[in-house]
$ cat my_file_21.txt   # compact mmCIF, C-alpha atoms and all ligand atoms
# COMPACT_ATOMS: atom_id res chain seq x y z
CA MET A 1 -52.48 -88.73 -23.31
CA ASP A 2 -51.58 -85.31 -24.66
CA VAL A 3 -54.73 -84.38 -26.58
CA ARG A 4 -53.80 -82.06 -29.42
CA PHE A 5 -56.40 -80.51 -31.66
CA SER A 6 -55.92 -78.97 -35.08
CA LEU A 7 -56.75 -75.29 -35.60
CA PHE A 8 -60.13 -76.45 -36.88
CA GLY A 9 -60.56 -78.63 -33.79
CA GLU A 10 -59.50 -75.79 -31.50
CA LYS A 11 -62.03 -73.52 -33.08
CA LEU A 12 -64.98 -75.90 -33.11
CA ALA A 13 -64.35 -78.32 -30.28
CA ARG A 14 -63.02 -76.00 -27.61
CA GLU A 15 -64.05 -72.43 -27.50
CA SER A 16 -67.60 -71.84 -28.58
CA GLY A 17 -69.96 -69.42 -26.89
CA ILE A 18 -72.97 -71.55 -27.74
CA LEU A 19 -71.39 -74.63 -26.13
CA GLN A 20 -70.73 -72.66 -22.96
CA LEU A 21 -74.28 -71.41 -22.99
CA MET A 22 -75.86 -74.82 -23.58
CA GLU A 23 -73.67 -76.53 -20.95
CA ASP A 24 -74.35 -73.81 -18.46
CA LEU A 25 -78.08 -74.15 -18.99
CA GLY A 26 -77.86 -77.94 -18.67
CA GLN A 27 -75.88 -77.70 -15.43
CA ALA A 28 -78.22 -75.10 -13.97
CA LEU A 29 -81.14 -77.44 -14.64
CA ARG A 30 -79.44 -80.13 -12.54
CA GLN A 31 -78.77 -77.85 -9.55
CA PRO A 32 -80.84 -78.47 -6.39
CA GLY A 33 -83.91 -76.31 -5.79
CA PRO A 34 -86.56 -75.05 -8.21
CA VAL A 35 -85.49 -73.74 -11.60
CA TYR A 36 -87.44 -71.09 -13.51
CA MET A 37 -86.48 -71.75 -17.09
CA LEU A 38 -86.81 -68.66 -19.25
CA GLY A 39 -83.67 -69.48 -21.26
CA GLY A 40 -83.04 -71.93 -24.12
CA GLY A 41 -84.85 -72.21 -27.42
CA ASN A 42 -87.11 -75.19 -26.88
CA PRO A 43 -90.59 -74.85 -28.36
CA ALA A 44 -93.67 -75.75 -26.31
CA LYS A 45 -95.40 -79.12 -26.50
CA ILE A 46 -98.71 -77.92 -27.93
CA PRO A 47 -101.16 -80.75 -27.16
CA ALA A 48 -103.04 -80.70 -30.49
CA LEU A 49 -99.77 -80.86 -32.42
CA VAL A 50 -98.24 -83.57 -30.24
CA ALA A 51 -101.37 -85.64 -30.92
CA ARG A 52 -101.19 -84.93 -34.67
CA PHE A 53 -97.51 -85.93 -34.90
CA ARG A 54 -98.15 -89.10 -32.94
CA GLN A 55 -100.95 -90.00 -35.34
CA ALA A 56 -98.68 -89.21 -38.30
CA LEU A 57 -96.04 -91.55 -36.90
CA ARG A 58 -98.60 -94.36 -36.60
CA GLU A 59 -99.84 -93.72 -40.15
CA LEU A 60 -96.27 -93.82 -41.43
CA ALA A 61 -95.68 -97.15 -39.70
CA GLU A 62 -98.83 -98.61 -41.34
CA ASP A 63 -98.07 -97.36 -44.88
CA THR A 64 -95.66 -100.09 -45.96
CA PRO A 65 -94.18 -98.59 -49.18
CA ARG A 66 -93.67 -95.19 -47.60
CA PHE A 67 -92.33 -96.67 -44.37
CA LEU A 68 -89.77 -98.71 -46.30
CA ARG A 69 -88.79 -95.70 -48.41
CA VAL A 70 -88.34 -93.46 -45.36
CA VAL A 71 -86.70 -95.84 -42.92
CA THR A 72 -84.87 -98.53 -44.88
CA ASP A 73 -83.23 -96.47 -47.65
CA TYR A 74 -80.67 -93.70 -47.76
CA ALA A 75 -82.13 -90.65 -49.45
CA GLU A 76 -80.24 -88.91 -52.22
CA PRO A 77 -77.82 -86.27 -50.82
CA GLN A 78 -80.29 -83.49 -51.58
CA GLY A 79 -83.04 -85.27 -49.58
CA LEU A 80 -85.92 -87.55 -50.60
CA GLY A 81 -86.80 -86.54 -54.17
CA GLU A 82 -90.54 -87.31 -54.09
CA PHE A 83 -90.91 -85.36 -50.84
CA ARG A 84 -89.00 -82.40 -52.28
CA ALA A 85 -91.34 -82.46 -55.28
CA ASP A 86 -94.36 -82.23 -52.96
CA LEU A 87 -92.72 -79.42 -50.98
CA ALA A 88 -91.93 -77.48 -54.17
CA ARG A 89 -95.57 -77.84 -55.26
CA LEU A 90 -96.70 -76.53 -51.86
CA PHE A 91 -94.48 -73.43 -52.02
CA ARG A 92 -95.39 -72.84 -55.69
CA SER A 93 -99.09 -72.93 -54.95
CA GLN A 94 -98.76 -70.79 -51.83
CA TYR A 95 -96.40 -68.08 -53.13
CA GLY A 96 -96.14 -68.57 -56.88
CA TRP A 97 -92.34 -69.03 -56.84
CA PRO A 98 -90.97 -70.77 -59.94
CA ILE A 99 -89.23 -73.55 -58.03
CA GLY A 100 -89.01 -77.31 -58.37
CA PRO A 101 -87.46 -80.14 -56.34
CA GLU A 102 -84.06 -79.17 -57.76
CA ASN A 103 -84.24 -75.92 -55.74
CA ILE A 104 -84.77 -77.68 -52.42
CA VAL A 105 -82.16 -79.25 -50.13
CA LEU A 106 -82.96 -81.03 -46.88
CA THR A 107 -80.48 -80.95 -44.01
CA ASN A 108 -80.25 -82.39 -40.52
CA GLY A 109 -81.74 -79.30 -38.90
CA SER A 110 -81.43 -75.78 -40.25
CA GLN A 111 -78.46 -75.11 -37.96
CA GLN A 112 -76.50 -77.52 -40.15
CA ALA A 113 -77.78 -75.79 -43.27
CA PHE A 114 -76.29 -72.52 -42.03
CA ALA A 115 -72.96 -74.14 -41.22
CA LEU A 116 -72.75 -75.52 -44.77
CA LEU A 117 -74.01 -72.40 -46.46
CA PHE A 118 -71.84 -69.87 -44.62
CA ASN A 119 -68.66 -71.86 -45.13
CA MET A 120 -69.46 -72.64 -48.74
CA LEU A 121 -69.94 -68.97 -49.62
CA ALA A 122 -67.61 -67.10 -47.25
CA GLY A 123 -64.12 -67.43 -45.79
CA PRO A 124 -60.86 -67.72 -47.80
CA MET A 125 -61.57 -67.65 -51.54
CA PRO A 126 -59.55 -69.35 -54.32
CA ASP A 127 -58.12 -65.96 -55.40
CA GLY A 128 -56.66 -65.34 -51.93
CA SER A 129 -59.30 -62.82 -50.88
CA VAL A 130 -61.57 -63.35 -47.86
CA ARG A 131 -65.32 -62.97 -47.99
CA ARG A 132 -67.71 -62.41 -45.13
CA ILE A 133 -71.38 -62.64 -44.24
CA LEU A 134 -73.07 -59.39 -43.25
CA PHE A 135 -75.85 -59.30 -40.65
CA PRO A 136 -77.65 -56.06 -41.47
CA LEU A 137 -79.25 -55.86 -38.06
CA ALA A 138 -77.71 -57.01 -34.78
CA PRO A 139 -78.91 -58.44 -32.38
CA GLU A 140 -79.07 -61.63 -34.41
CA TYR A 141 -79.30 -65.39 -33.73
CA VAL A 142 -76.56 -66.58 -31.33
CA GLY A 143 -76.24 -69.90 -33.17
CA TYR A 144 -74.58 -68.19 -36.16
CA ALA A 145 -71.71 -66.82 -34.09
CA ASP A 146 -69.43 -69.88 -34.06
CA LEU A 147 -70.21 -71.32 -37.48
CA GLY A 148 -67.09 -70.07 -39.25
CA TRP A 149 -64.73 -72.97 -39.93
CA SER A 150 -61.78 -70.93 -41.15
CA GLN A 151 -59.53 -68.89 -38.90
CA GLU A 152 -60.72 -65.63 -40.44
CA PRO A 153 -63.61 -63.78 -38.79
CA LEU A 154 -66.61 -64.68 -40.93
CA PHE A 155 -69.17 -62.09 -39.86
CA ARG A 156 -69.79 -58.39 -39.79
CA SER A 157 -72.89 -56.81 -38.39
CA LEU A 158 -74.53 -53.43 -38.30
CA LYS A 159 -76.12 -51.57 -35.43
CA PRO A 160 -79.81 -50.85 -35.97
CA GLU A 161 -81.70 -47.65 -35.36
CA ILE A 162 -83.84 -47.83 -32.23
CA GLU A 163 -87.34 -46.50 -32.62
CA LEU A 164 -88.95 -45.76 -29.26
CA GLN A 165 -92.64 -46.57 -29.43
CA THR A 166 -95.49 -46.24 -26.93
CA ALA A 167 -94.05 -47.54 -23.63
CA PRO A 168 -92.89 -50.16 -22.99
CA PHE A 169 -92.16 -50.96 -26.66
CA PHE A 170 -89.31 -50.19 -29.03
CA LYS A 171 -88.40 -51.50 -32.47
CA TYR A 172 -85.14 -52.01 -34.33
CA ARG A 173 -84.97 -50.70 -37.88
CA VAL A 174 -82.30 -51.64 -40.41
CA ASN A 175 -79.96 -48.70 -40.71
CA LEU A 176 -79.98 -48.59 -44.51
CA ALA A 177 -77.60 -45.62 -44.57
CA ASP A 178 -74.97 -47.81 -42.89
CA LEU A 179 -74.96 -50.52 -45.58
CA PRO A 180 -71.37 -50.61 -46.87
CA GLN A 181 -70.38 -48.81 -50.08
CA ASP A 182 -67.65 -51.30 -50.85
CA THR A 183 -69.05 -54.83 -50.88
CA ARG A 184 -66.10 -56.64 -52.46
CA ASP A 185 -65.36 -58.49 -49.21
CA LEU A 186 -68.97 -59.68 -48.83
CA ALA A 187 -70.50 -62.95 -49.98
CA ALA A 188 -73.97 -62.66 -48.51
CA VAL A 189 -76.34 -60.78 -46.29
CA CYS A 190 -78.16 -62.87 -43.70
CA LEU A 191 -80.99 -62.27 -41.27
CA SER A 192 -83.58 -64.20 -39.32
CA ARG A 193 -87.15 -63.05 -39.90
CA PRO A 194 -88.85 -63.19 -37.36
CA THR A 195 -85.61 -62.46 -35.55
CA ASN A 196 -84.30 -64.55 -32.72
CA PRO A 197 -83.74 -62.93 -30.14
CA SER A 198 -85.71 -59.70 -30.58
CA GLY A 199 -89.00 -60.92 -32.10
CA ASN A 200 -88.53 -58.26 -34.77
CA VAL A 201 -90.03 -58.87 -38.20
CA LEU A 202 -88.26 -56.79 -40.81
CA THR A 203 -90.92 -54.92 -42.72
CA GLN A 204 -91.80 -55.86 -46.30
CA ALA A 205 -90.25 -52.52 -47.40
CA GLU A 206 -86.98 -53.27 -45.56
CA MET A 207 -86.90 -56.74 -47.15
CA GLU A 208 -87.61 -55.42 -50.63
CA THR A 209 -84.77 -52.92 -50.23
CA LEU A 210 -82.39 -55.67 -49.12
CA VAL A 211 -83.49 -57.94 -51.97
CA ARG A 212 -82.75 -55.13 -54.46
CA TRP A 213 -79.53 -54.01 -52.75
CA THR A 214 -78.08 -57.54 -52.76
CA ARG A 215 -79.21 -58.28 -56.31
CA GLU A 216 -77.53 -55.12 -57.63
CA ARG A 217 -74.25 -56.07 -55.95
CA GLY A 218 -74.22 -59.76 -56.87
CA LEU A 219 -74.63 -60.89 -53.24
CA TRP A 220 -76.76 -63.68 -51.81
CA LEU A 221 -79.55 -62.76 -49.40
CA ILE A 222 -80.15 -65.49 -46.82
CA ALA A 223 -83.44 -65.27 -44.93
CA ASP A 224 -83.83 -67.61 -41.98
CA GLY A 225 -87.49 -68.55 -41.51
CA ALA A 226 -87.12 -70.79 -38.46
CA TYR A 227 -90.20 -69.06 -36.95
CA ALA A 228 -91.77 -67.77 -40.16
CA ALA A 229 -94.78 -68.31 -42.38
CA PRO A 230 -95.89 -70.70 -43.80
CA PHE A 231 -94.76 -73.01 -40.96
CA PRO A 232 -94.39 -72.81 -37.99
CA TYR A 233 -95.93 -69.33 -38.42
CA ILE A 234 -94.93 -67.90 -35.03
CA GLN A 235 -95.40 -64.51 -36.57
CA PHE A 236 -98.02 -61.98 -35.48
CA VAL A 237 -97.75 -59.58 -38.42
CA GLU A 238 -98.38 -60.33 -42.08
CA ALA A 239 -94.99 -60.59 -43.79
CA PRO A 240 -94.81 -63.32 -46.43
CA PRO A 241 -91.36 -64.63 -47.38
CA LEU A 242 -89.80 -63.28 -50.58
CA TRP A 243 -87.84 -65.44 -53.02
CA ASP A 244 -85.65 -64.64 -55.98
CA GLU A 245 -82.77 -66.35 -57.82
CA HIS A 246 -80.25 -64.78 -55.41
CA VAL A 247 -82.35 -65.33 -52.26
CA VAL A 248 -81.82 -68.39 -50.07
CA LEU A 249 -84.71 -69.26 -47.78
CA SER A 250 -84.39 -71.53 -44.80
CA PHE A 251 -87.23 -73.29 -43.01
CA SER A 252 -87.31 -75.84 -40.23
CA LEU A 253 -89.67 -78.28 -38.56
CA SER A 254 -88.18 -77.54 -35.12
CA LYS A 255 -90.34 -74.69 -33.90
CA LEU A 256 -93.44 -76.44 -35.19
CA GLY A 257 -92.77 -78.79 -32.31
CA LEU A 258 -90.36 -81.28 -33.90
CA PRO A 259 -86.85 -80.22 -32.82
CA GLY A 260 -85.98 -83.86 -32.14
CA VAL A 261 -86.34 -84.99 -35.77
CA ARG A 262 -83.71 -82.47 -37.00
CA MET A 263 -85.02 -81.36 -40.35
CA GLY A 264 -84.12 -78.16 -42.16
CA ILE A 265 -85.31 -77.10 -45.62
CA LEU A 266 -83.34 -74.75 -47.85
CA ILE A 267 -84.74 -73.19 -51.00
CA ALA A 268 -82.07 -71.84 -53.32
CA ALA A 269 -80.96 -71.42 -56.93
CA GLU A 270 -80.09 -74.79 -58.45
CA PRO A 271 -76.24 -74.47 -58.46
CA LEU A 272 -76.29 -73.55 -54.80
CA ALA A 273 -78.68 -76.39 -53.98
CA ARG A 274 -76.38 -78.83 -55.80
CA GLY A 275 -73.35 -77.53 -53.89
CA LEU A 276 -75.15 -78.00 -50.59
CA ALA A 277 -76.22 -81.52 -51.56
CA ALA A 278 -72.57 -82.34 -52.32
CA MET A 279 -71.60 -81.12 -48.85
CA ASN A 280 -74.41 -83.22 -47.35
CA ALA A 281 -72.93 -86.27 -49.08
CA VAL A 282 -69.45 -85.61 -47.70
CA LEU A 283 -70.60 -84.88 -44.16
CA SER A 284 -73.62 -87.18 -43.68
CA LEU A 285 -74.04 -89.23 -46.91
CA ALA A 286 -77.68 -88.16 -46.90
CA PRO A 287 -79.99 -86.17 -44.63
CA GLY A 288 -82.29 -88.11 -42.30
CA ASN A 289 -85.75 -88.97 -43.65
CA LEU A 290 -87.86 -89.21 -40.54
CA GLY A 291 -88.92 -85.55 -40.48
CA ALA A 292 -90.00 -85.84 -44.10
CA GLY A 293 -91.83 -89.10 -43.35
CA LEU A 294 -93.71 -87.49 -40.46
CA VAL A 295 -94.99 -84.42 -42.29
CA TRP A 296 -95.16 -85.83 -45.83
CA GLU A 297 -98.92 -86.32 -45.90
CA MET A 298 -99.45 -82.87 -44.33
CA VAL A 299 -97.29 -81.35 -47.06
CA ARG A 300 -99.02 -83.31 -49.82
CA THR A 301 -102.51 -82.28 -48.71
CA GLY A 302 -101.56 -78.74 -47.65
CA GLU A 303 -102.62 -79.43 -44.05
CA ILE A 304 -99.24 -78.15 -42.83
CA LEU A 305 -100.28 -74.65 -43.92
CA ASP A 306 -103.16 -74.70 -41.39
CA LEU A 307 -101.11 -75.80 -38.38
CA GLY A 308 -99.59 -72.37 -37.75
CA PRO A 309 -102.68 -70.18 -38.01
CA ARG A 310 -104.89 -72.75 -36.24
CA HIS A 311 -102.64 -73.98 -33.41
CA VAL A 312 -99.17 -72.49 -33.22
CA ARG A 313 -99.71 -68.77 -33.64
CA PRO A 314 -102.67 -68.45 -31.21
CA PHE A 315 -100.81 -70.52 -28.62
CA TYR A 316 -97.72 -68.30 -28.62
CA GLN A 317 -99.74 -65.11 -29.01
CA ALA A 318 -101.54 -65.92 -25.74
CA LYS A 319 -98.21 -66.71 -24.04
CA ARG A 320 -96.75 -63.46 -25.30
CA ASP A 321 -99.72 -61.36 -24.12
CA GLN A 322 -99.77 -63.00 -20.70
CA THR A 323 -96.03 -62.45 -20.25
CA LEU A 324 -96.33 -58.79 -21.26
CA THR A 325 -99.05 -58.33 -18.61
CA TRP A 326 -96.87 -59.91 -15.93
CA LEU A 327 -93.92 -57.76 -16.99
CA ALA A 328 -96.06 -54.62 -16.73
CA THR A 329 -97.19 -55.65 -13.23
CA TYR A 330 -93.87 -56.75 -11.78
CA LEU A 331 -91.65 -54.14 -13.44
CA LYS A 332 -94.05 -51.24 -12.83
CA ASP A 333 -91.45 -49.10 -11.03
CA VAL A 334 -88.41 -50.24 -13.03
CA PRO A 335 -87.18 -48.64 -16.27
CA TYR A 336 -87.62 -51.31 -18.94
CA ARG A 337 -88.57 -51.64 -22.57
CA VAL A 338 -89.55 -54.64 -24.69
CA HIS A 339 -88.89 -55.07 -28.36
CA GLN A 340 -92.19 -55.01 -30.26
CA PRO A 341 -92.99 -58.75 -30.19
CA GLU A 342 -93.91 -59.44 -33.82
CA GLY A 343 -92.79 -63.07 -33.93
CA THR A 344 -90.88 -65.96 -32.21
CA PHE A 345 -91.60 -67.07 -28.65
CA PHE A 346 -89.05 -64.74 -27.09
CA LEU A 347 -89.34 -61.37 -25.48
CA TRP A 348 -86.28 -59.15 -25.74
CA VAL A 349 -86.23 -56.96 -22.66
CA TRP A 350 -84.05 -53.86 -22.48
CA PHE A 351 -83.11 -52.26 -19.16
CA PRO A 352 -81.77 -48.82 -20.14
CA GLY A 353 -78.83 -47.80 -17.94
CA LEU A 354 -78.72 -51.24 -16.25
CA PRO A 355 -76.13 -50.81 -13.45
CA VAL A 356 -74.41 -54.17 -14.27
CA SER A 357 -73.83 -56.03 -17.53
CA SER A 358 -76.51 -58.46 -18.67
CA GLN A 359 -73.92 -61.25 -18.07
CA GLU A 360 -73.77 -60.22 -14.43
CA LEU A 361 -77.56 -59.99 -14.27
CA TYR A 362 -77.69 -63.51 -15.74
CA ARG A 363 -75.34 -64.77 -12.98
CA ARG A 364 -77.41 -63.15 -10.24
CA LEU A 365 -80.62 -64.56 -11.66
CA LYS A 366 -79.10 -68.02 -11.97
CA ALA A 367 -78.19 -67.89 -8.27
CA ARG A 368 -81.90 -67.31 -7.63
CA GLY A 369 -82.93 -70.25 -9.85
CA VAL A 370 -83.99 -68.12 -12.85
CA LEU A 371 -82.46 -68.78 -16.25
CA VAL A 372 -82.51 -66.19 -19.03
CA VAL A 373 -80.07 -65.64 -21.90
CA PRO A 374 -77.81 -62.58 -21.53
CA GLY A 375 -77.97 -60.22 -24.49
CA GLU A 376 -74.21 -60.00 -25.12
CA TYR A 377 -74.26 -63.27 -27.06
CA PHE A 378 -76.48 -61.91 -29.81
CA PHE A 379 -74.14 -59.47 -31.52
CA PRO A 380 -71.87 -61.68 -33.67
CA GLY A 381 -69.41 -59.58 -35.65
CA LEU A 382 -70.34 -56.23 -34.11
CA GLU A 383 -67.15 -54.35 -33.32
CA ASP A 384 -68.79 -51.22 -31.94
CA PRO A 385 -68.62 -51.08 -28.10
CA TRP A 386 -72.33 -50.31 -27.81
CA PRO A 387 -73.69 -50.13 -24.23
CA HIS A 388 -77.12 -51.32 -25.43
CA ARG A 389 -75.70 -54.82 -26.05
CA HIS A 390 -75.04 -55.16 -22.29
CA GLU A 391 -78.51 -54.01 -21.26
CA CYS A 392 -80.78 -56.64 -22.81
CA ILE A 393 -81.86 -60.17 -21.96
CA ARG A 394 -83.86 -62.78 -23.88
CA ILE A 395 -86.80 -64.48 -22.21
CA ASN A 396 -88.45 -67.63 -23.57
CA VAL A 397 -92.21 -67.38 -22.92
CA ALA A 398 -93.05 -70.93 -24.07
CA GLY A 399 -92.80 -72.56 -20.63
CA PRO A 400 -95.57 -73.44 -18.16
CA GLU A 401 -97.41 -70.41 -16.71
CA ASP A 402 -96.32 -70.86 -13.08
CA VAL A 403 -92.68 -71.16 -14.14
CA VAL A 404 -92.72 -68.04 -16.31
CA GLN A 405 -94.69 -66.01 -13.78
CA GLU A 406 -92.44 -66.82 -10.81
CA GLY A 407 -89.34 -66.36 -12.97
CA LEU A 408 -90.51 -62.88 -13.93
CA ARG A 409 -91.32 -61.98 -10.33
CA ARG A 410 -87.78 -62.91 -9.28
CA LEU A 411 -86.33 -61.12 -12.27
CA ALA A 412 -88.20 -57.94 -11.32
CA GLU A 413 -86.98 -58.14 -7.70
CA THR A 414 -83.39 -58.60 -8.80
CA VAL A 415 -83.44 -55.76 -11.32
CA ARG A 416 -85.26 -53.37 -8.97
CA ASP A 417 -82.66 -54.08 -6.31
CA LEU A 418 -79.84 -53.29 -8.76
CA TYR A 419 -81.36 -49.98 -9.83
CA GLU A 420 -82.13 -49.00 -6.21
CA LYS A 421 -78.61 -49.76 -5.02
CA ALA A 422 -77.15 -47.86 -7.97
CA GLY A 423 -79.51 -44.95 -7.21
CA ALA A 424 -78.51 -44.99 -3.54
CA ALA A 425 -74.82 -45.19 -4.49
CA ALA A 426 -75.22 -42.28 -6.92
CA GLN A 427 -76.95 -40.22 -4.21
CA ALA A 428 -74.22 -41.08 -1.68
CA GLY A 429 -71.56 -40.08 -4.24
CA GLN A 430 -73.37 -36.83 -4.91
CA ALA A 431 -73.62 -36.10 -1.16
CA ALA A 432 -69.92 -36.90 -0.67
CA ARG A 433 -68.98 -34.56 -3.52
CA GLU A 434 -71.19 -31.76 -2.24
CA GLY A 435 -69.94 -32.14 1.36
CA PRO A 436 -71.92 -31.39 4.57
C1 LIG B 501 -83.22 -68.18 -35.91
C2 LIG B 501 -82.88 -69.62 -35.83
N1 LIG B 501 -82.35 -70.22 -36.91
C3 LIG B 501 -82.00 -71.51 -36.91
C4 LIG B 501 -82.18 -72.29 -35.78
C5 LIG B 501 -81.75 -73.72 -35.85
O1 LIG B 501 -82.83 -74.58 -35.64
P1 LIG B 501 -82.86 -76.10 -36.13
O2 LIG B 501 -81.44 -76.54 -36.39
O3 LIG B 501 -83.49 -76.84 -35.01
O4 LIG B 501 -83.67 -76.11 -37.40
C6 LIG B 501 -82.73 -71.73 -34.63
C7 LIG B 501 -82.90 -72.53 -33.40
O5 LIG B 501 -83.16 -72.04 -32.33
C8 LIG B 501 -83.10 -70.36 -34.65
O6 LIG B 501 -83.63 -69.76 -33.59

$ encode --input "my_file_21.txt" --output "structure tokens"
Amino acid sequence: MDVRFSLFGEKLARESGILQLMEDLGQALRQPGPVYMLGGGNPAKIPALVARFRQALRELAEDTPRFLRVVTDYAEPQGLGEFRADLARLFRSQYGWPIGPENIVLTNGSQQAFALLFNMLAGPMPDGSVRRILFPLAPEYVGYADLGWSQEPLFRSLKPEIELQTAPFFKYRVNLADLPQDTRDLAAVCLSRPTNPSGNVLTQAEMETLVRWTRERGLWLIADGAYAAPFPYIQFVEAPPLWDEHVVLSFSLSKLGLPGVRMGILIAAEPLARGLAAMNAVLSLAPGNLGAGLVWEMVRTGEILDLGPRHVRPFYQAKRDQTLTWLATYLKDVPYRVHQPEGTFFLWVWFPGLPVSSQELYRRLKARGVLVVPGEYFFPGLEDPWPHRHECIRINVAGPEDVVQEGLRRLAETVRDLYEKAGAAAQAGQAAREGP
């Protein structure tokens, strides 16, 4: 049968970078021989949290009215109303935001929330113009890259300033001078904070500037808190989320340890929340309730606010510190830098002057059983041919110690070999030019 897809089908069902990446990772995991998994975005199975979620599931099963509400009814398109009321109360008491259940929309994972939000706000507009989403600091989350449903490019992004810090660290700063003068073709500014892949946390001053800049220009500011406070709180610097009428905040249960339940939470001005709920109805009738059912009691009592500081943050902080020590040991004689790890469970490693692209490094590592994510994927909408984007890789530190340690040892061997060969080749070239 001649399978013909529409333009929409071509765009979504055939050619996405994230699909290629996920399939490639899946295939590599099935190859014979040991696999050192430093790729992918799976969170760790933190024993105390696994136990708590299991208990919550049992309690849900025993609580007949709640069980029936969660499992045997469709929710309203915006998500279970009573649960949204408890969530709004939690955020109000924690941050003082003037929000109610009408400002909250639940989605089947926050990835879906971004798909709905981006396409609702940007793309072809009724007046014939086209609006885009601006990422003020690339590298940015790879999962955004293929979310545009129209044929027009949906994203633009800006190169950051690189601040070199005490070795081996560096930090990206938003290049505020580069923010566009003319914003008529923009709908929103979007960023993840903490940022996947770099582990950057935009400072409170950078955020306040962006909140003001967007407000003055009538743009939305979308802040993705998949790793942020108050949950899962994989954030090692104090940087509370900011909310305003034009700010859209996204949270998720995934990195708390519940990626399988697929629950995202958006907090937005009421008209936007209603629009998203309408899209939920068209695409899924209603969001799933199980995530809400699992954490409902923890939201109602405020216990969910303790999970991060008590279990999640210390767990990933220890992983991060251990991985940095291994990197320092194995990469001692190799030029490398790491983005200041202020949040997430990734380290973003930069090899200045890397003799091959990070794609090629990824292929060589995969042949040695080590999986990382090449940096090229994380610059959606950046037109500048910037060498830096080919010199970085993302490492997931959440895996078991022996896996991460051996993966890093092999990574160091591979990279050292590349630099040495390039050094030898450069010397040979120099000798050939200079003659006997
Ligand atoms: C920055 C960021 N945003 C959003 C998501 C989507 O997560 P989920 O759909 O599981 O909520 C992820 C997942 O890795 C992420 O890293």

$ residues_near_ligand --input "my_file_21.txt" --ligand "ligand LIG 501 (chain B)" --cutoff "9 Å" --atoms "all atoms listed in the file" --output "JSON, numbers by chain"
{"A": [40, 41, 42, 43, 107, 108, 109, 110, 111, 112, 113, 114, 140, 141, 142, 143, 144, 191, 192, 193, 194, 195, 196, 197, 224, 225, 226, 227, 250, 251, 252, 253, 254, 255, 258, 259, 260, 261, 262, 263, 264, 265, 344]}

$ closest_residue --input "my_file_21.txt" --among "A:Ile395, A:Ala229, A:Leu256, A:Leu272" --to "Ile46 (chain A)" --atoms "all atoms listed in the file"
A:Leu256

$ residues_around --input "my_file_21.txt" --residues "region 87-94 of chain A" --least-positions-apart "5" --cutoff "9 Å" --atoms "only C-alpha atoms" --output "list in words"
Glu82, Ile99, Gly100, Pro101, Glu102, Asn103, Ile104, Pro230, Ile267, Trp296, Val299, Arg300, Thr301, Gly302 and Leu305 of chain A

$ residues_around --input "my_file_21.txt" --residues "Lys171 (chain A)" --least-positions-apart "4" --cutoff "9 Å" --atoms "only C-alpha atoms" --output "mmCIF file with C-alpha atoms, in the coordinates of the input"
data_model
loop_
_atom_site.group_PDB
_atom_site.id
_atom_site.type_symbol
_atom_site.label_atom_id
_atom_site.label_comp_id
_atom_site.auth_asym_id
_atom_site.auth_seq_id
_atom_site.Cartn_x
_atom_site.Cartn_y
_atom_site.Cartn_z
ATOM 1 C CA GLU A 161 -81.700 -47.650 -35.360
ATOM 2 C CA ILE A 162 -83.840 -47.830 -32.230
ATOM 3 C CA GLU A 163 -87.340 -46.500 -32.620
ATOM 4 C CA LEU A 164 -88.950 -45.760 -29.260
ATOM 5 C CA GLN A 165 -92.640 -46.570 -29.430
ATOM 6 C CA SER A 198 -85.710 -59.700 -30.580
ATOM 7 C CA ASN A 200 -88.530 -58.260 -34.770
ATOM 8 C CA VAL A 338 -89.550 -54.640 -24.690
ATOM 9 C CA HIS A 339 -88.890 -55.070 -28.360
ATOM 10 C CA GLN A 340 -92.190 -55.010 -30.260
ATOM 11 C CA PRO A 341 -92.990 -58.750 -30.190
#

$ closest_residue --input "my_file_21.txt" --among "A:Val50, A:Leu242, A:Ala56, A:Val105" --to "Phe83 (chain A)" --atoms "only C-alpha atoms"
A:Val105

$ closest_residue --input "my_file_21.txt" --among "A:Phe169, A:Trp243, A:Tyr419, A:Tyr362" --to "Trp348 (chain A)" --atoms "all atoms listed in the file"
A:Phe169

$ residues_around --input "my_file_21.txt" --residues "Lys319 (chain A)" --least-positions-apart "6" --cutoff "10 Å" --atoms "all atoms listed in the file" --output "list in words"
Arg313, Phe345, Phe346, Asn396, Val397, Ala398, Gly399, Pro400, Glu401 and Val404 of chain A

$ closest_residue --input "my_file_21.txt" --among "A:Arg69, A:Asp86, A:Phe135, A:Trp149" --to "Leu12 (chain A)" --atoms "all atoms listed in the file"
A:Trp149

$ axis_aligned_box --input "my_file_21.txt" --around "region 20-35 of chain A" --padding-each-side "5 Å" --output "lines of an AutoDock Vina configuration file"
center_x = -78.6
center_y = -75.8
center_z = -14.7
size_x = 25.8
size_y = 18.7
size_z = 27.8

$ atom_distance --input "my_file_21.txt" --atom1 "CA of Leu179 (chain A)" --atom2 "CA of Met125 (chain A)"
22.5 Å

$ atom_distance --input "my_file_21.txt" --atom1 "CA of Asp244 (chain A)" --atom2 "CA of Gln181 (chain A)"
22.8 Å

$ atom_distance --input "my_file_21.txt" --atom1 "CA of Ala281 (chain A)" --atom2 "CA of Glu59 (chain A)"
29.3 Å

$ residues_around --input "my_file_21.txt" --residues "region 322-329 of chain A" --least-positions-apart "2" --cutoff "7 Å" --atoms "all atoms listed in the file" --output "PyMOL selection string"
chain A and resi 318-320+331-332+397+405+408

$ residues_around --input "my_file_21.txt" --residues "Pro34 (chain A)" --least-positions-apart "5" --cutoff "12 Å" --atoms "only C-alpha atoms" --output "PyMOL selection string"
chain A and resi 28-29+366-371+402-403+406-407
